[in-house]
Amino acid sequence: MNSGILLVDKPEGMTSHDVVARTRRLAGTRKVGHAGTLDPMATGLLVIGVNGATRLLHHLVGLDKEYLATIRLGWGTSTDDAEGEPFPAADPAVVAAVADAAIADGIAALTGEIDQVPSSVSAIKVDGRRAYDRVREGEAVELASRRVTVAAFDVLGMRREAASIDLDVRVECSSGTYIRALARDLGAALGVGGHLTALRRTRVGRFDVADASTLDALDVASALLAPAAAAALALPVIAVTDDEARDIGHGKRVALPAGAEPFAGVAAAVAGDDRLIAIVELRGTTLKVVTGFPQEVDA
């Protein structure tokens, strides 16, 4: 089995680890990983690496994301989503009095660069252990806020019931943003509580769920996106000659090829036969290997 990137549309009720385990069986290899967890309740795009392409995942984790979600205003939960224990509900009269303009103002306050406290039931490590493990054992976990960017927070639909308001929203955000926390914080700002009832990840960088396979229909061999093609969707590409590719493959520094544009961060060094040689960074006028991709041998 060659290496590459798979786009999988995760079904509801499965963990990201479940999807990786299924993919390992389908691909016939243990070398499978993913570039960003989805909660079991969530559906949508998982970017999965197979064999040598797992080395590329580190460079994909930080890409921006897009989600479609439903926020229910009226009460919060212990997990900030529908799987948690519900907190006491707000008075229906108070919920009914929440004006559309107040909702718009609350959303505007959560758009742009914000300091967000992640949900306590998250995969963030606290003293070496996942926060959700500590919460499940009865510990009170308080996580530090982190700066995130919410580039778009759009209301696509609104439904008012006797004791709740459902908002269908689209969120574009930086990596590390918790949509559950947006629901929690919007509800808190409006004084009625809030939690997430549905979440679907539709985009990771330039990878789109429209191009993903369902797990049941996944044909790994035909769905594999070559490492060079995947890298080109996420990073600048530096075309290198066969001689430069050989030197880079041996970990040597090479001069930035003539005509190549200088770049910030990292770039993909790609040979003429569309082989991903390495992820490189620019040091002065030379390319330094950050992550190498050895010559593939079929497994």
# chains A, B, ... in the order shown; residues from 1 in each chain; ligands from 1
>>> residues_around(residues="segment 202-210 of chain A", least_positions_apart="2", cutoff="9 Å", atoms="only C-alpha atoms", output="PDB file with N, CA, C and O atoms, in the first residue's frame")
ATOM      1  N   LEU A   7      -9.349  11.607   2.658  1.00  0.00           N
ATOM      2  CA  LEU A   7     -10.385  12.480   3.194  1.00  0.00           C
ATOM      3  C   LEU A   7     -11.595  11.603   3.499  1.00  0.00           C
ATOM      4  O   LEU A   7     -12.158  10.982   2.604  1.00  0.00           O
ATOM      5  N   VAL A   8     -11.961  11.539   4.770  1.00  0.00           N
ATOM      6  CA  VAL A   8     -13.045  10.666   5.213  1.00  0.00           C
ATOM      7  C   VAL A   8     -14.128  11.504   5.879  1.00  0.00           C
ATOM      8  O   VAL A   8     -13.840  12.398   6.683  1.00  0.00           O
ATOM      9  N   ASP A   9     -15.381  11.211   5.531  1.00  0.00           N
ATOM     10  CA  ASP A   9     -16.536  11.866   6.143  1.00  0.00           C
ATOM     11  C   ASP A   9     -16.963  11.028   7.344  1.00  0.00           C
ATOM     12  O   ASP A   9     -17.619   9.995   7.194  1.00  0.00           O
ATOM     13  N   THR A  43     -19.887  15.037  12.933  1.00  0.00           N
ATOM     14  CA  THR A  43     -19.665  14.366  11.654  1.00  0.00           C
ATOM     15  C   THR A  43     -18.722  15.246  10.826  1.00  0.00           C
ATOM     16  O   THR A  43     -18.394  16.357  11.206  1.00  0.00           O
ATOM     17  N   GLY A  44     -18.317  14.705   9.684  1.00  0.00           N
ATOM     18  CA  GLY A  44     -17.589  15.534   8.743  1.00  0.00           C
ATOM     19  C   GLY A  44     -16.148  15.142   8.526  1.00  0.00           C
ATOM     20  O   GLY A  44     -15.730  14.017   8.790  1.00  0.00           O
ATOM     21  N   LEU A  45     -15.382  16.101   8.061  1.00  0.00           N
ATOM     22  CA  LEU A  45     -14.085  15.829   7.456  1.00  0.00           C
ATOM     23  C   LEU A  45     -13.009  15.459   8.467  1.00  0.00           C
ATOM     24  O   LEU A  45     -12.689  16.217   9.374  1.00  0.00           O
ATOM     25  N   LEU A  46     -12.449  14.260   8.262  1.00  0.00           N
ATOM     26  CA  LEU A  46     -11.224  13.836   8.931  1.00  0.00           C
ATOM     27  C   LEU A  46     -10.147  13.698   7.856  1.00  0.00           C
ATOM     28  O   LEU A  46     -10.358  13.026   6.845  1.00  0.00           O
ATOM     29  N   VAL A  47      -9.013  14.351   8.082  1.00  0.00           N
ATOM     30  CA  VAL A  47      -7.866  14.227   7.176  1.00  0.00           C
ATOM     31  C   VAL A  47      -6.956  13.157   7.760  1.00  0.00           C
ATOM     32  O   VAL A  47      -6.437  13.297   8.869  1.00  0.00           O
ATOM     33  N   LEU A  60      -0.441  19.760   8.766  1.00  0.00           N
ATOM     34  CA  LEU A  60      -1.837  20.008   8.391  1.00  0.00           C
ATOM     35  C   LEU A  60      -2.716  20.328   9.593  1.00  0.00           C
ATOM     36  O   LEU A  60      -3.806  20.890   9.437  1.00  0.00           O
ATOM     37  N   VAL A  61      -2.248  19.953  10.797  1.00  0.00           N
ATOM     38  CA  VAL A  61      -3.056  20.122  12.007  1.00  0.00           C
ATOM     39  C   VAL A  61      -3.452  21.580  12.220  1.00  0.00           C
ATOM     40  O   VAL A  61      -4.571  21.875  12.660  1.00  0.00           O
ATOM     41  N   GLY A  62      -2.573  22.511  11.908  1.00  0.00           N
ATOM     42  CA  GLY A  62      -2.825  23.911  12.206  1.00  0.00           C
ATOM     43  C   GLY A  62      -3.640  24.665  11.182  1.00  0.00           C
ATOM     44  O   GLY A  62      -3.824  25.882  11.305  1.00  0.00           O
ATOM     45  N   LEU A  63      -4.155  23.981  10.152  1.00  0.00           N
ATOM     46  CA  LEU A  63      -4.943  24.665   9.128  1.00  0.00           C
ATOM     47  C   LEU A  63      -6.264  25.170   9.710  1.00  0.00           C
ATOM     48  O   LEU A  63      -6.803  24.612  10.665  1.00  0.00           O
ATOM     49  N   ASP A  64      -6.793  26.237   9.119  1.00  0.00           N
ATOM     50  CA  ASP A  64      -8.078  26.762   9.571  1.00  0.00           C
ATOM     51  C   ASP A  64      -9.194  25.777   9.226  1.00  0.00           C
ATOM     52  O   ASP A  64      -9.030  24.890   8.377  1.00  0.00           O
ATOM     53  N   LYS A  65     -10.318  25.925   9.904  1.00  0.00           N
ATOM     54  CA  LYS A  65     -11.426  24.975   9.765  1.00  0.00           C
ATOM     55  C   LYS A  65     -12.737  25.715   9.474  1.00  0.00           C
ATOM     56  O   LYS A  65     -12.878  26.903   9.774  1.00  0.00           O
ATOM     57  N   GLU A  66     -13.684  24.970   8.897  1.00  0.00           N
ATOM     58  CA  GLU A  66     -15.051  25.471   8.739  1.00  0.00           C
ATOM     59  C   GLU A  66     -16.013  24.427   9.284  1.00  0.00           C
ATOM     60  O   GLU A  66     -15.826  23.224   9.055  1.00  0.00           O
ATOM     61  N   TYR A  67     -17.039  24.893  10.007  1.00  0.00           N
ATOM     62  CA  TYR A  67     -18.029  24.001  10.605  1.00  0.00           C
ATOM     63  C   TYR A  67     -19.437  24.508  10.328  1.00  0.00           C
ATOM     64  O   TYR A  67     -19.675  25.722  10.244  1.00  0.00           O
ATOM     65  N   LEU A  68     -20.364  23.582  10.236  1.00  0.00           N
ATOM     66  CA  LEU A  68     -21.788  23.867  10.331  1.00  0.00           C
ATOM     67  C   LEU A  68     -22.252  23.299  11.663  1.00  0.00           C
ATOM     68  O   LEU A  68     -21.897  22.173  12.017  1.00  0.00           O
ATOM     69  N   GLU A 172     -16.147  29.804  10.554  1.00  0.00           N
ATOM     70  CA  GLU A 172     -14.789  29.635  10.041  1.00  0.00           C
ATOM     71  C   GLU A 172     -13.847  30.096  11.144  1.00  0.00           C
ATOM     72  O   GLU A 172     -14.024  31.189  11.696  1.00  0.00           O
ATOM     73  N   ARG A 200     -20.797  19.668  12.306  1.00  0.00           N
ATOM     74  CA  ARG A 200     -20.253  19.022  11.111  1.00  0.00           C
ATOM     75  C   ARG A 200     -19.080  19.851  10.599  1.00  0.00           C
ATOM     76  O   ARG A 200     -19.211  21.054  10.354  1.00  0.00           O
ATOM     77  N   ALA A 212     -14.654  14.056   0.214  1.00  0.00           N
ATOM     78  CA  ALA A 212     -14.375  12.947   1.133  1.00  0.00           C
ATOM     79  C   ALA A 212     -15.220  11.733   0.818  1.00  0.00           C
ATOM     80  O   ALA A 212     -16.303  11.830   0.217  1.00  0.00           O
ATOM     81  N   SER A 213     -14.747  10.571   1.226  1.00  0.00           N
ATOM     82  CA  SER A 213     -15.476   9.312   1.096  1.00  0.00           C
ATOM     83  C   SER A 213     -16.138   8.968   2.423  1.00  0.00           C
ATOM     84  O   SER A 213     -15.584   9.251   3.487  1.00  0.00           O
ATOM     85  N   ALA A 230      -1.270  16.528  -1.831  1.00  0.00           N
ATOM     86  CA  ALA A 230      -1.840  16.976  -0.557  1.00  0.00           C
ATOM     87  C   ALA A 230      -1.052  18.153  -0.001  1.00  0.00           C
ATOM     88  O   ALA A 230      -1.622  19.146   0.479  1.00  0.00           O
ATOM     89  N   LEU A 233      -1.823  21.525  -1.454  1.00  0.00           N
ATOM     90  CA  LEU A 233      -3.066  22.163  -1.015  1.00  0.00           C
ATOM     91  C   LEU A 233      -2.901  22.917   0.295  1.00  0.00           C
ATOM     92  O   LEU A 233      -3.787  23.687   0.692  1.00  0.00           O
ATOM     93  N   ALA A 234      -1.780  22.693   0.970  1.00  0.00           N
ATOM     94  CA  ALA A 234      -1.596  23.296   2.288  1.00  0.00           C
ATOM     95  C   ALA A 234      -0.377  24.208   2.390  1.00  0.00           C
ATOM     96  O   ALA A 234      -0.336  25.067   3.275  1.00  0.00           O
TER      97      ALA A 234
END
>>> select_by_dssp(residues="segment 25-274 of chain A", states="strand (DSSP E)", output="PyMOL selection string")
chain A and resi 32-34+43-50+65-73+112-116+125-126+129-130+146-160+165-173+194-204+207-208+213-214+237-240+254-255+266-271
>>> residues_around(residues="segment 87-101 of chain A", least_positions_apart="4", cutoff="7 Å", atoms="only C-alpha atoms", output="list in words")
Gly74, Trp75, Gly76, Thr77, Asp105, Ala162, Ala163, Ser164 and Val192 of chain A
>>> closest_residue(among="A:Leu182, A:Val50, A:Val171, A:Ala21", to="Gln116 of chain A", atoms="only C-alpha atoms")
A:Leu182
>>> atom_distance(atom1="atom CA of Leu26 of chain A", atom2="atom CA of Thr291 of chain A")
26.6 Å
>>> closest_residue(among="A:Val270, A:Arg146, A:Gly249, A:Gly52", to="Arg30 of chain A", atoms="only C-alpha atoms")
A:Gly52
>>> atom_distance(atom1="atom CA of Ala232 of chain A", atom2="atom CA of Ile248 of chain A")
18.0 Å
>>> closest_residue(among="A:Asp18, A:Glu113, A:Asp168, A:Glu244", to="Val148 of chain A", atoms="only C-alpha atoms")
A:Glu113
>>> closest_residue(among="A:Ala108, A:Leu199, A:Ile48, A:Leu57", to="Leu215 of chain A", atoms="only C-alpha atoms")
A:Ile48
>>> select_by_dssp(residues="segment 127-260 of chain A", states="helix (DSSP H, G or I)", output="ChimeraX atom specification")
/A:131-136,179-190,209-211,220-223,227-232,242-249
>>> residues_around(residues="Asp39 of chain A", least_positions_apart="5", cutoff="9 Å", atoms="only C-alpha atoms", output="list in words")
Glu12, Gly13, Met14, Thr15, Ser16 and Leu199 of chain A
>>> residues_around(residues="Arg55 of chain A", least_positions_apart="3", cutoff="12 Å", atoms="only C-alpha atoms", output="list in words")
Ser3, Gly4, Ile5, Lys31, Val32, Gly33, His34, Ala35, Ile48, Gly49, Val50, Asn51, Gly52, His58, His59, Leu60, Val61, Pro227, Ala231, Leu276, Ile277, Ala278, Ile279, Val290, Thr291, Gly292, Phe293 and Pro294 of chain A
